[in-house]
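The next block is work.tsv, given as TSV, C-alpha atoms and all ligand atoms.
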chain	number	residue	atom	x	y	z
N	1	MET	CA	113.73	92.96	101.99
N	2	THR	CA	110.61	91.97	103.91
N	3	VAL	CA	108.27	94.92	104.27
N	4	LEU	CA	105.33	93.26	105.96
N	5	ALA	CA	104.68	90.03	107.82
N	6	ALA	CA	101.31	88.59	108.82
N	7	GLU	CA	102.22	86.09	111.51
N	8	HIS	CA	99.35	83.64	111.96
N	9	ILE	CA	96.70	86.31	112.30
N	10	SER	CA	93.10	85.51	113.20
N	11	LYS	CA	90.06	87.70	113.75
N	12	THR	CA	86.88	86.84	115.57
N	13	PHE	CA	84.12	89.43	115.65
N	14	GLY	CA	81.73	89.65	118.62
N	15	ALA	CA	83.99	87.25	120.48
N	16	GLU	CA	81.57	85.23	122.59
N	17	ALA	CA	78.80	84.59	120.08
N	18	ALA	CA	81.19	83.89	117.25
N	19	ALA	CA	83.38	81.58	119.29
N	20	ALA	CA	80.32	79.66	120.43
N	21	ALA	CA	79.15	79.33	116.84
N	22	GLY	CA	82.70	78.49	115.72
N	23	VAL	CA	82.74	81.43	113.27
N	24	GLN	CA	85.93	83.37	112.64
N	25	ALA	CA	86.30	85.98	109.88
N	26	VAL	CA	90.01	85.15	109.48
N	27	ARG	CA	91.81	82.05	110.71
N	28	ASP	CA	95.55	81.60	111.06
N	29	VAL	CA	96.65	83.58	108.02
N	30	ALA	CA	100.43	83.77	107.53
N	31	PHE	CA	102.52	85.32	104.77
N	32	THR	CA	105.31	87.83	104.24
N	33	VAL	CA	105.52	90.55	101.59
N	34	GLU	CA	108.85	91.52	100.02
N	35	GLN	CA	109.55	95.00	98.71
N	36	GLY	CA	108.47	95.49	95.10
N	37	THR	CA	105.77	92.81	95.25
N	38	PHE	CA	102.33	93.31	93.72
N	39	LEU	CA	100.24	90.97	95.84
N	40	ALA	CA	96.56	90.40	95.10
N	41	ILE	CA	94.34	88.85	97.76
N	42	THR	CA	91.31	87.38	96.08
N	43	GLY	CA	88.38	85.14	96.97
N	44	ALA	CA	84.61	85.18	97.21
N	45	SER	CA	82.66	87.85	99.06
N	46	GLY	CA	82.85	87.18	102.80
N	47	SER	CA	86.04	85.11	102.58
N	48	GLY	CA	87.89	87.53	104.86
N	49	LYS	CA	89.89	89.64	102.38
N	50	SER	CA	89.02	93.06	103.79
N	51	THR	CA	89.47	91.88	107.36
N	52	VAL	CA	93.00	90.72	106.50
N	53	LEU	CA	93.78	94.04	104.78
N	54	HIS	CA	92.45	96.02	107.77
N	55	MET	CA	94.68	94.03	110.10
N	56	LEU	CA	97.72	94.56	107.81
N	57	GLY	CA	97.04	98.29	107.89
N	58	GLY	CA	96.46	98.59	111.63
N	59	ILE	CA	92.79	99.55	111.20
N	60	THR	CA	91.70	96.38	113.01
N	61	ARG	CA	93.70	94.57	115.65
N	62	PRO	CA	94.00	90.77	115.26
N	63	THR	CA	92.48	88.60	118.01
N	64	ALA	CA	95.49	86.28	117.62
N	65	GLY	CA	98.85	86.51	115.87
N	66	ARG	CA	100.66	89.69	114.92
N	67	VAL	CA	101.44	92.05	112.06
N	68	VAL	CA	104.98	93.35	111.66
N	69	LEU	CA	105.59	96.34	109.36
N	70	GLU	CA	109.20	97.29	108.63
N	71	GLY	CA	110.23	95.38	111.75
N	72	VAL	CA	107.65	97.10	113.97
N	73	ASP	CA	105.14	94.86	115.76
N	74	LEU	CA	101.85	96.75	115.48
N	75	ALA	CA	100.57	95.10	118.66
N	76	GLY	CA	103.22	96.99	120.61
N	77	LEU	CA	101.78	100.37	119.61
N	78	ASP	CA	99.01	102.24	121.42
N	79	ASP	CA	96.15	103.72	119.41
N	80	GLU	CA	97.86	107.08	118.96
N	81	GLN	CA	101.16	105.54	117.80
N	82	LEU	CA	99.23	103.27	115.46
N	83	ALA	CA	97.37	106.23	113.95
N	84	LEU	CA	100.70	107.99	113.29
N	85	LEU	CA	102.21	104.89	111.71
N	86	ARG	CA	99.13	104.51	109.49
N	87	ARG	CA	99.42	108.10	108.34
N	88	ARG	CA	103.17	108.00	107.68
N	89	ARG	CA	104.03	104.48	106.55
N	90	ILE	CA	100.86	103.06	104.98
N	91	GLY	CA	98.95	104.31	101.95
N	92	PHE	CA	95.29	103.29	101.81
N	93	VAL	CA	93.15	103.21	98.69
N	94	PHE	CA	89.47	102.27	98.86
N	95	GLN	CA	86.64	101.68	96.41
N	96	ARG	CA	85.33	105.16	97.26
N	97	TYR	CA	87.89	107.84	96.54
N	98	ASN	CA	86.87	110.04	99.50
N	99	LEU	CA	88.31	113.19	97.97
N	100	LEU	CA	87.07	116.42	99.55
N	101	PRO	CA	84.87	118.12	96.91
N	102	GLU	CA	85.75	121.71	97.81
N	103	LEU	CA	89.52	121.15	97.45
N	104	SER	CA	91.55	120.83	94.25
N	105	LEU	CA	93.21	117.49	93.49
N	106	ALA	CA	96.59	118.91	94.57
N	107	GLU	CA	95.10	120.14	97.85
N	108	ASN	CA	93.50	116.74	98.46
N	109	VAL	CA	96.79	114.97	97.76
N	110	ALA	CA	98.68	117.34	100.09
N	111	LEU	CA	96.34	116.69	103.03
N	112	PRO	CA	98.24	113.79	104.70
N	113	LEU	CA	101.37	115.98	104.83
N	114	GLU	CA	99.46	119.03	106.06
N	115	LEU	CA	97.94	116.92	108.84
N	116	ASP	CA	101.50	116.05	109.77
N	117	GLY	CA	102.37	119.74	110.08
N	118	LYS	CA	104.70	119.95	107.08
N	119	PRO	CA	105.26	123.44	105.60
N	120	ARG	CA	102.76	124.51	102.93
N	121	THR	CA	105.24	124.80	100.07
N	122	ALA	CA	106.74	121.37	100.82
N	123	CYS	CA	103.20	119.90	100.86
N	124	ARG	CA	102.39	121.47	97.52
N	125	SER	CA	105.56	120.28	95.78
N	126	ALA	CA	105.22	116.75	97.19
N	127	ALA	CA	101.57	116.70	96.03
N	128	LEU	CA	102.57	117.75	92.51
N	129	GLU	CA	105.25	115.07	92.47
N	130	ALA	CA	102.74	112.40	93.53
N	131	LEU	CA	100.26	113.59	90.89
N	132	GLU	CA	103.07	113.33	88.32
N	133	GLN	CA	103.70	109.74	89.46
N	134	VAL	CA	100.07	108.81	88.68
N	135	GLY	CA	99.94	110.82	85.44
N	136	MET	CA	97.58	113.50	86.79
N	137	SER	CA	99.78	116.65	86.88
N	138	HIS	CA	97.63	118.30	84.23
N	139	ARG	CA	94.59	118.14	86.54
N	140	ALA	CA	96.32	119.39	89.71
N	141	ASP	CA	94.11	122.43	90.16
N	142	HIS	CA	90.84	120.79	89.14
N	143	ARG	CA	88.13	119.90	91.63
N	144	PRO	CA	87.30	116.18	91.95
N	145	ASP	CA	83.86	116.54	90.32
N	146	SER	CA	85.41	117.93	87.13
N	147	VAL	CA	87.42	114.77	86.40
N	148	SER	CA	86.36	111.15	85.69
N	149	GLY	CA	86.01	108.39	88.30
N	150	GLY	CA	89.22	106.80	87.05
N	151	GLU	CA	91.06	110.11	87.40
N	152	GLN	CA	89.64	110.60	90.90
N	153	GLN	CA	90.96	107.17	91.84
N	154	ARG	CA	94.37	108.12	90.40
N	155	ALA	CA	94.35	111.22	92.59
N	156	ALA	CA	93.35	109.09	95.59
N	157	ILE	CA	96.35	106.86	94.81
N	158	ALA	CA	98.56	109.97	94.66
N	159	ARG	CA	97.21	110.98	98.09
N	160	ALA	CA	98.14	107.50	99.37
N	161	LEU	CA	101.66	107.84	97.90
N	162	VAL	CA	102.44	111.40	98.99
N	163	THR	CA	103.99	110.31	102.31
N	164	LYS	CA	106.20	107.77	100.47
N	165	PRO	CA	104.68	104.88	102.42
N	166	ALA	CA	106.32	101.49	102.94
N	167	ILE	CA	103.26	99.83	101.47
N	168	LEU	CA	100.11	100.64	99.52
N	169	LEU	CA	96.99	98.77	100.66
N	170	ALA	CA	94.05	98.86	98.24
N	171	ASP	CA	90.59	97.40	98.90
N	172	GLU	CA	88.61	96.84	95.68
N	173	PRO	CA	90.09	100.04	94.14
N	174	THR	CA	88.40	99.34	90.81
N	175	GLY	CA	85.05	98.38	92.31
N	176	ALA	CA	83.31	101.59	91.23
N	177	LEU	CA	84.98	101.92	87.81
N	178	ASP	CA	84.00	100.87	84.29
N	179	SER	CA	86.33	98.39	82.58
N	180	ALA	CA	88.46	100.99	80.74
N	181	ASN	CA	89.08	103.04	83.89
N	182	SER	CA	89.61	99.85	85.86
N	183	GLU	CA	92.34	98.65	83.47
N	184	ASN	CA	93.92	102.06	83.68
N	185	VAL	CA	94.11	102.03	87.49
N	186	ILE	CA	95.47	98.48	87.52
N	187	ALA	CA	98.12	99.43	84.92
N	188	LEU	CA	99.07	102.33	87.18
N	189	LEU	CA	99.48	100.03	90.21
N	190	SER	CA	101.64	97.68	88.09
N	191	LYS	CA	103.78	100.62	86.99
N	192	LEU	CA	104.27	101.76	90.59
N	193	VAL	CA	105.52	98.27	91.48
N	194	LEU	CA	107.64	97.54	88.39
N	195	GLU	CA	109.18	100.97	87.87
N	196	ASP	CA	109.05	102.68	91.26
N	197	ARG	CA	109.60	99.54	93.42
N	198	GLN	CA	106.46	100.36	95.42
N	199	THR	CA	105.01	97.45	97.40
N	200	VAL	CA	101.28	96.92	96.80
N	201	VAL	CA	98.69	94.66	98.44
N	202	LEU	CA	95.41	94.71	96.55
N	203	VAL	CA	92.15	93.07	97.61
N	204	THR	CA	89.75	92.13	94.83
N	205	HIS	CA	87.00	89.60	94.15
N	206	ASP	CA	87.70	90.08	90.41
N	207	SER	CA	90.11	87.49	88.99
N	208	THR	CA	90.95	89.62	85.94
N	209	VAL	CA	92.19	92.35	88.31
N	210	ALA	CA	94.19	89.77	90.28
N	211	ASP	CA	95.84	88.63	87.03
N	212	ALA	CA	97.88	91.86	86.96
N	213	ALA	CA	99.60	90.98	90.25
N	214	THR	CA	102.94	89.20	90.63
N	215	ARG	CA	101.53	87.02	93.41
N	216	VAL	CA	97.98	85.90	94.20
N	217	ILE	CA	96.71	84.67	97.55
N	218	THR	CA	93.26	83.13	97.32
N	219	MET	CA	91.15	83.04	100.47
N	220	ARG	CA	88.32	80.69	101.32
N	221	ASP	CA	86.31	80.78	104.55
N	222	GLY	CA	88.84	83.00	106.31
N	223	GLN	CA	91.87	80.90	105.40
N	224	ILE	CA	94.50	80.90	102.66
N	225	ALA	CA	93.45	78.36	100.01
N	226	SER	CA	96.39	79.03	97.69
N	227	ASP	CA	99.40	81.33	97.37
N	228	GLU	CA	100.92	81.55	93.89
N	229	THR	CA	103.62	83.63	92.23
N	230	GLN	CA	102.92	84.54	88.64
N	231	ALA	CA	104.70	86.40	85.84
N	232	ALA	CA	104.27	90.18	85.94
N	233	ALA	CA	101.56	91.44	83.62
N	234	THR	CA	102.76	92.69	80.25
N	235	GLY	CA	101.58	95.74	78.34
N	236	VAL	CA	102.16	98.16	81.17
N	237	PRO	CA	102.42	101.73	79.88
N	238	SER	CA	105.91	103.16	80.26
N	239	SER	CA	104.90	106.62	81.44
N	301	LIG	N1	82.85	94.49	111.72
N	301	LIG	C1	82.38	93.25	111.56
N	301	LIG	N2	81.55	92.69	112.49
N	301	LIG	C2	81.10	91.43	112.37
N	301	LIG	N3	81.40	90.62	111.34
N	301	LIG	C3	82.20	91.10	110.39
N	301	LIG	C4	82.73	92.43	110.44
N	301	LIG	N4	83.51	92.63	109.34
N	301	LIG	C5	83.46	91.49	108.64
N	301	LIG	N5	82.68	90.56	109.24
N	301	LIG	C6	82.42	89.19	108.77
N	301	LIG	O1	83.66	88.57	108.53
N	301	LIG	C7	83.63	87.79	107.33
N	301	LIG	C8	84.67	88.29	106.37
N	301	LIG	O2	84.30	89.59	105.92
N	301	LIG	P1	85.23	90.47	104.98
N	301	LIG	O3	86.62	90.45	105.50
N	301	LIG	O4	84.57	91.78	104.79
N	301	LIG	O5	85.18	89.63	103.63
N	301	LIG	P2	85.49	90.06	102.12
N	301	LIG	O6	86.24	91.34	102.12
N	301	LIG	O7	86.28	88.91	101.56
N	301	LIG	O8	84.16	90.17	101.42
N	301	LIG	C9	82.19	87.89	106.81
N	301	LIG	O9	81.47	86.78	107.30
N	301	LIG	C10	81.70	89.17	107.44
N	301	LIG	O10	80.30	89.13	107.60
N	302	MG	MG	85.77	93.21	101.25
If you convert what's in this file into structure tokens, what do you get?
Amino acid sequence: MTVLAAEHISKTFGAEAAAAAGVQAVRDVAFTVEQGTFLAITGASGSGKSTVLHMLGGITRPTAGRVVLEGVDLAGLDDEQLALLRRRRIGFVFQRYNLLPELSLAENVALPLELDGKPRTACRSAALEALEQVGMSHRADHRPDSVSGGEQQRAAIARALVTKPAILLADEPTGALDSANSENVIALLSKLVLEDRQTVVLVTHDSTVADAATRVITMRDGQIASDETQAAATGVPSS
């Protein structure tokens, strides 16, 4: 089943100047993502990775082409509808965890559901379930500053999963982590794909991170330079 389609998307910033200079951040990028895929988008800094991810997630609107998520053309949505779709159907993970320091991990994870007006007890149980999925149940009532960076990122991933999104979009999620924590977070993303059939699109400039993916798109100067399927990484923890 196709979850997401990028149909020849392009992005030009500061339209007039950029067009005159012939500079586009992203040019005619096209691919589809099937459910249960772990797709890494890699490439040098400035190659357009984040801009593509932002367009996939409805944070930035393409200047040409369209993004279709679960059959819905994002261009057909107004800003309010797009914000709702982002909250309900897309899980975002960034380099910075952006957890609220005064809330426990469980309260942070519950936030997307609370914003959606779900009952308190339902929010709490869904948050605990998401923390279980990322192996962080034992830290549910801890504040973010009392756990490691890797554990904070796990909690941020739980917050992204709590709405049971169609797709998880991660931009350099290991960028602030040491290598042990980084491997841990990547193993978690692999587990979510292989065991839970989650669909993940990960942006990274780090080729060792990209090696964990089942498919790697490499970008160069705003365009796709290569698109390769590879064997799923081995050694993924079973829990
Ligand atoms: N908001 C913006 N305004 C103007 N230019 C931008 C903006 N965001 C990105 N760019 C430019 O678009 C190109 C691609 O950037 P980006 O998608 O962030 O690349 P990457 O994530 O691969 O490092 C770069 O040349 C960058 O300077
Ligand atoms: Mg980037």
Expected selection as a PyMOL selection string for ligand LIG 301 (chain N) within 12 Å, all atoms listed in the file: chain N and resi 10-18+22-27+41-55+59-61+94-95+170-172+202-206+217-224
How would the residues just chosen look if you wrote them out with C-alpha atoms as a PDB file, in the frame of the given file?
ATOM      1  CA  SER N  10      93.100  85.510 113.200  1.00  0.00           C
ATOM      2  CA  LYS N  11      90.060  87.700 113.750  1.00  0.00           C
ATOM      3  CA  THR N  12      86.880  86.840 115.570  1.00  0.00           C
ATOM      4  CA  PHE N  13      84.120  89.430 115.650  1.00  0.00           C
ATOM      5  CA  GLY N  14      81.730  89.650 118.620  1.00  0.00           C
ATOM      6  CA  ALA N  15      83.990  87.250 120.480  1.00  0.00           C
ATOM      7  CA  GLU N  16      81.570  85.230 122.590  1.00  0.00           C
ATOM      8  CA  ALA N  17      78.800  84.590 120.080  1.00  0.00           C
ATOM      9  CA  ALA N  18      81.190  83.890 117.250  1.00  0.00           C
ATOM     10  CA  GLY N  22      82.700  78.490 115.720  1.00  0.00           C
ATOM     11  CA  VAL N  23      82.740  81.430 113.270  1.00  0.00           C
ATOM     12  CA  GLN N  24      85.930  83.370 112.640  1.00  0.00           C
ATOM     13  CA  ALA N  25      86.300  85.980 109.880  1.00  0.00           C
ATOM     14  CA  VAL N  26      90.010  85.150 109.480  1.00  0.00           C
ATOM     15  CA  ARG N  27      91.810  82.050 110.710  1.00  0.00           C
ATOM     16  CA  ILE N  41      94.340  88.850  97.760  1.00  0.00           C
ATOM     17  CA  THR N  42      91.310  87.380  96.080  1.00  0.00           C
ATOM     18  CA  GLY N  43      88.380  85.140  96.970  1.00  0.00           C
ATOM     19  CA  ALA N  44      84.610  85.180  97.210  1.00  0.00           C
ATOM     20  CA  SER N  45      82.660  87.850  99.060  1.00  0.00           C
ATOM     21  CA  GLY N  46      82.850  87.180 102.800  1.00  0.00           C
ATOM     22  CA  SER N  47      86.040  85.110 102.580  1.00  0.00           C
ATOM     23  CA  GLY N  48      87.890  87.530 104.860  1.00  0.00           C
ATOM     24  CA  LYS N  49      89.890  89.640 102.380  1.00  0.00           C
ATOM     25  CA  SER N  50      89.020  93.060 103.790  1.00  0.00           C
ATOM     26  CA  THR N  51      89.470  91.880 107.360  1.00  0.00           C
ATOM     27  CA  VAL N  52      93.000  90.720 106.500  1.00  0.00           C
ATOM     28  CA  LEU N  53      93.780  94.040 104.780  1.00  0.00           C
ATOM     29  CA  HIS N  54      92.450  96.020 107.770  1.00  0.00           C
ATOM     30  CA  MET N  55      94.680  94.030 110.100  1.00  0.00           C
ATOM     31  CA  ILE N  59      92.790  99.550 111.200  1.00  0.00           C
ATOM     32  CA  THR N  60      91.700  96.380 113.010  1.00  0.00           C
ATOM     33  CA  ARG N  61      93.700  94.570 115.650  1.00  0.00           C
ATOM     34  CA  PHE N  94      89.470 102.270  98.860  1.00  0.00           C
ATOM     35  CA  GLN N  95      86.640 101.680  96.410  1.00  0.00           C
ATOM     36  CA  ALA N 170      94.050  98.860  98.240  1.00  0.00           C
ATOM     37  CA  ASP N 171      90.590  97.400  98.900  1.00  0.00           C
ATOM     38  CA  GLU N 172      88.610  96.840  95.680  1.00  0.00           C
ATOM     39  CA  LEU N 202      95.410  94.710  96.550  1.00  0.00           C
ATOM     40  CA  VAL N 203      92.150  93.070  97.610  1.00  0.00           C
ATOM     41  CA  THR N 204      89.750  92.130  94.830  1.00  0.00           C
ATOM     42  CA  HIS N 205      87.000  89.600  94.150  1.00  0.00           C
ATOM     43  CA  ASP N 206      87.700  90.080  90.410  1.00  0.00           C
ATOM     44  CA  ILE N 217      96.710  84.670  97.550  1.00  0.00           C
ATOM     45  CA  THR N 218      93.260  83.130  97.320  1.00  0.00           C
ATOM     46  CA  MET N 219      91.150  83.040 100.470  1.00  0.00           C
ATOM     47  CA  ARG N 220      88.320  80.690 101.320  1.00  0.00           C
ATOM     48  CA  ASP N 221      86.310  80.780 104.550  1.00  0.00           C
ATOM     49  CA  GLY N 222      88.840  83.000 106.310  1.00  0.00           C
ATOM     50  CA  GLN N 223      91.870  80.900 105.400  1.00  0.00           C
ATOM     51  CA  ILE N 224      94.500  80.900 102.660  1.00  0.00           C
TER      52      ILE N 224
END
Residues of range 36-131 of chain N that approach range 135-146 of chain N to 12 Å or less, counting all atoms listed in the file: could you list each one with the shortest pair of atoms and its distance in Å to one decimal, rows by chain and increasing residue number, as JSON lines?
{"residue": "N:Tyr97", "atom": "CA", "partner": "N:Pro144", "partner_atom": "CA", "distance": 9.5}
{"residue": "N:Asn98", "atom": "CA", "partner": "N:Pro144", "partner_atom": "CA", "distance": 9.7}
{"residue": "N:Leu99", "atom": "CA", "partner": "N:Pro144", "partner_atom": "CA", "distance": 6.8}
{"residue": "N:Leu100", "atom": "CA", "partner": "N:Pro144", "partner_atom": "CA", "distance": 7.6}
{"residue": "N:Pro101", "atom": "CA", "partner": "N:Pro144", "partner_atom": "CA", "distance": 5.9}
{"residue": "N:Glu102", "atom": "CA", "partner": "N:Arg143", "partner_atom": "CA", "distance": 6.9}
{"residue": "N:Leu103", "atom": "CA", "partner": "N:Arg143", "partner_atom": "CA", "distance": 6.1}
{"residue": "N:Ser104", "atom": "CA", "partner": "N:Arg143", "partner_atom": "CA", "distance": 4.4}
{"residue": "N:Leu105", "atom": "CA", "partner": "N:Ala140", "partner_atom": "CA", "distance": 5.3}
{"residue": "N:Ala106", "atom": "CA", "partner": "N:Ala140", "partner_atom": "CA", "distance": 4.9}
{"residue": "N:Glu107", "atom": "CA", "partner": "N:Asp141", "partner_atom": "CA", "distance": 8.1}
{"residue": "N:Asn108", "atom": "CA", "partner": "N:Pro144", "partner_atom": "CA", "distance": 9.0}
{"residue": "N:Val109", "atom": "CA", "partner": "N:Ala140", "partner_atom": "CA", "distance": 9.2}
{"residue": "N:Ala110", "atom": "CA", "partner": "N:Ala140", "partner_atom": "CA", "distance": 10.8}
{"residue": "N:Arg124", "atom": "CA", "partner": "N:Ala140", "partner_atom": "CA", "distance": 10.1}
{"residue": "N:Ser125", "atom": "CA", "partner": "N:Ala140", "partner_atom": "CA", "distance": 11.1}
{"residue": "N:Ala126", "atom": "CA", "partner": "N:Ser137", "partner_atom": "CA", "distance": 11.7}
{"residue": "N:Ala127", "atom": "CA", "partner": "N:Ala140", "partner_atom": "CA", "distance": 8.6}
{"residue": "N:Leu128", "atom": "CA", "partner": "N:Ser137", "partner_atom": "CA", "distance": 6.4}
{"residue": "N:Glu129", "atom": "CA", "partner": "N:Ser137", "partner_atom": "CA", "distance": 8.0}
{"residue": "N:Ala130", "atom": "CA", "partner": "N:Ser137", "partner_atom": "CA", "distance": 8.4}
{"residue": "N:Leu131", "atom": "CA", "partner": "N:Met136", "partner_atom": "CA", "distance": 4.9}
Tell me, in Å to one decimal, how far CA of Ala6 in chain N is from CA of Val193 in chain N.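 Value for the CA of Ala6 in chain N-CA of Val193 in chain N distance: 20.3 Å.
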Rank nothing, just name the residue among N:Asp178, N:Ile90, N:Pro173, N:Arg197 nearest to ligand MG 302 (chain N), using all atoms listed in the file.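 Smallest separation from ligand MG 302 (chain N) among the options: N:Pro173.
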Could you jot down the CA of Thr199 in chain N to CA of Pro165 in chain N separation for me, Å, one decimal place?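 We find that CA of Thr199 in chain N and CA of Pro165 in chain N lie 9.0 Å from each other.
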Please determine, counting all atoms listed in the file, which residue among N:Val209, N:Gln153, N:Glu195, N:Gly175 has the shortest atom-to-atom distance to ligand MG 302 (chain N). N:Gly175
Atom-to-atom span, CA of Gly149 in chain N and CA of Thr174 in chain N, Å: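 About the pair CA of Gly149 in chain N and CA of Thr174 in chain N: they are 9.7 Å apart.
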Pick from N:Glu132, N:Glu80, N:Glu228, N:Asp211 nearest to Ala155 in chain N, counting only C-alpha atoms: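 Looking at the shortest contact to Ala155 in chain N, the residue is N:Glu132.
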Do you know which residues are at most 6 Å from range 62-74 of chain N counting only C-alpha atoms, after dropping those on the same chain fewer than 2 positions away, and could you put them as a list in words?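 In the requested form, the answer reads Val3, Leu4, Ala5, Ala6, Glu7, His8, Ile9, Ser10, Lys11, Gly76 and Leu77 of chain N.
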If you count only C-alpha atoms, which residues fall within 12 Å of Lys164 in chain N, apart from same-chain ones fewer than 2 positions away, as a PyMOL selection string? chain N and resi 86-92+112-113+126-127+129-130+133+157-162+166-168+192+196-199
What lies within 6 Å of Arg215 in chain N using all atoms listed in the file, ignoring chain neighbours under 5 positions off, as JSON, numbers by chain? {"N": [39, 228, 229, 230]}
Could you tell me which of N:Thr2, N:Val185, N:Gly58, N:Val216 comes closest to Asp78 in chain N if we count all atoms listed in the file?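 Checking each candidate against Asp78 in chain N, we get N:Gly58 as the closest.
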Please reconstruct the missing atoms of range 63-83 of chain N (target: N, CA and C atoms) and return them as a CSV table (one decimal), keeping the file's coordinate frame.
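Saved the output as selection_23.csv:
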chain,number,residue,atom,x,y,z
N,63,THR,N,92.8,89.2,116.7
N,63,THR,CA,92.5,88.6,118.0
N,63,THR,C,93.6,87.6,118.4
N,64,ALA,N,94.3,87.1,117.4
N,64,ALA,CA,95.5,86.3,117.6
N,64,ALA,C,96.5,86.5,116.5
N,65,GLY,N,97.8,86.3,116.8
N,65,GLY,CA,98.8,86.5,115.9
N,65,GLY,C,99.3,88.0,115.9
N,66,ARG,N,100.2,88.3,115.0
N,66,ARG,CA,100.7,89.7,114.9
N,66,ARG,C,101.1,90.1,113.5
N,67,VAL,N,101.0,91.4,113.3
N,67,VAL,CA,101.4,92.0,112.1
N,67,VAL,C,102.7,92.9,112.3
N,68,VAL,N,103.7,92.6,111.5
N,68,VAL,CA,105.0,93.4,111.7
N,68,VAL,C,105.2,94.1,110.4
N,69,LEU,N,105.3,95.5,110.5
N,69,LEU,CA,105.6,96.3,109.4
N,69,LEU,C,107.0,97.0,109.5
N,70,GLU,N,107.8,96.8,108.6
N,70,GLU,CA,109.2,97.3,108.6
N,70,GLU,C,109.8,97.0,110.0
N,71,GLY,N,109.6,95.8,110.5
N,71,GLY,CA,110.2,95.4,111.8
N,71,GLY,C,109.5,95.8,113.0
N,72,VAL,N,108.4,96.6,112.8
N,72,VAL,CA,107.6,97.1,114.0
N,72,VAL,C,106.4,96.2,114.2
N,73,ASP,N,106.3,95.7,115.4
N,73,ASP,CA,105.1,94.9,115.8
N,73,ASP,C,104.0,95.8,116.1
N,74,LEU,N,102.9,95.8,115.3
N,74,LEU,CA,101.8,96.8,115.5
N,74,LEU,C,101.2,96.6,116.8
N,75,ALA,N,101.2,95.4,117.4
N,75,ALA,CA,100.6,95.1,118.7
N,75,ALA,C,101.2,95.9,119.8
N,76,GLY,N,102.5,96.3,119.6
N,76,GLY,CA,103.2,97.0,120.6
N,76,GLY,C,102.9,98.5,120.6
N,77,LEU,N,102.1,98.9,119.7
N,77,LEU,CA,101.8,100.4,119.6
N,77,LEU,C,100.4,100.7,120.2
N,78,ASP,N,100.3,101.8,120.9
N,78,ASP,CA,99.0,102.2,121.4
N,78,ASP,C,98.2,102.9,120.3
N,79,ASP,N,97.0,103.2,120.5
N,79,ASP,CA,96.2,103.7,119.4
N,79,ASP,C,96.7,105.0,118.7
N,80,GLU,N,97.3,105.8,119.5
N,80,GLU,CA,97.9,107.1,119.0
N,80,GLU,C,99.1,106.8,118.1
N,81,GLN,N,100.0,105.9,118.6
N,81,GLN,CA,101.2,105.5,117.8
N,81,GLN,C,100.8,104.8,116.5
N,82,LEU,N,99.7,104.0,116.6
N,82,LEU,CA,99.2,103.3,115.5
N,82,LEU,C,98.7,104.2,114.4
N,83,ALA,N,97.9,105.2,114.9
N,83,ALA,CA,97.4,106.2,114.0
N,83,ALA,C,98.5,107.0,113.2
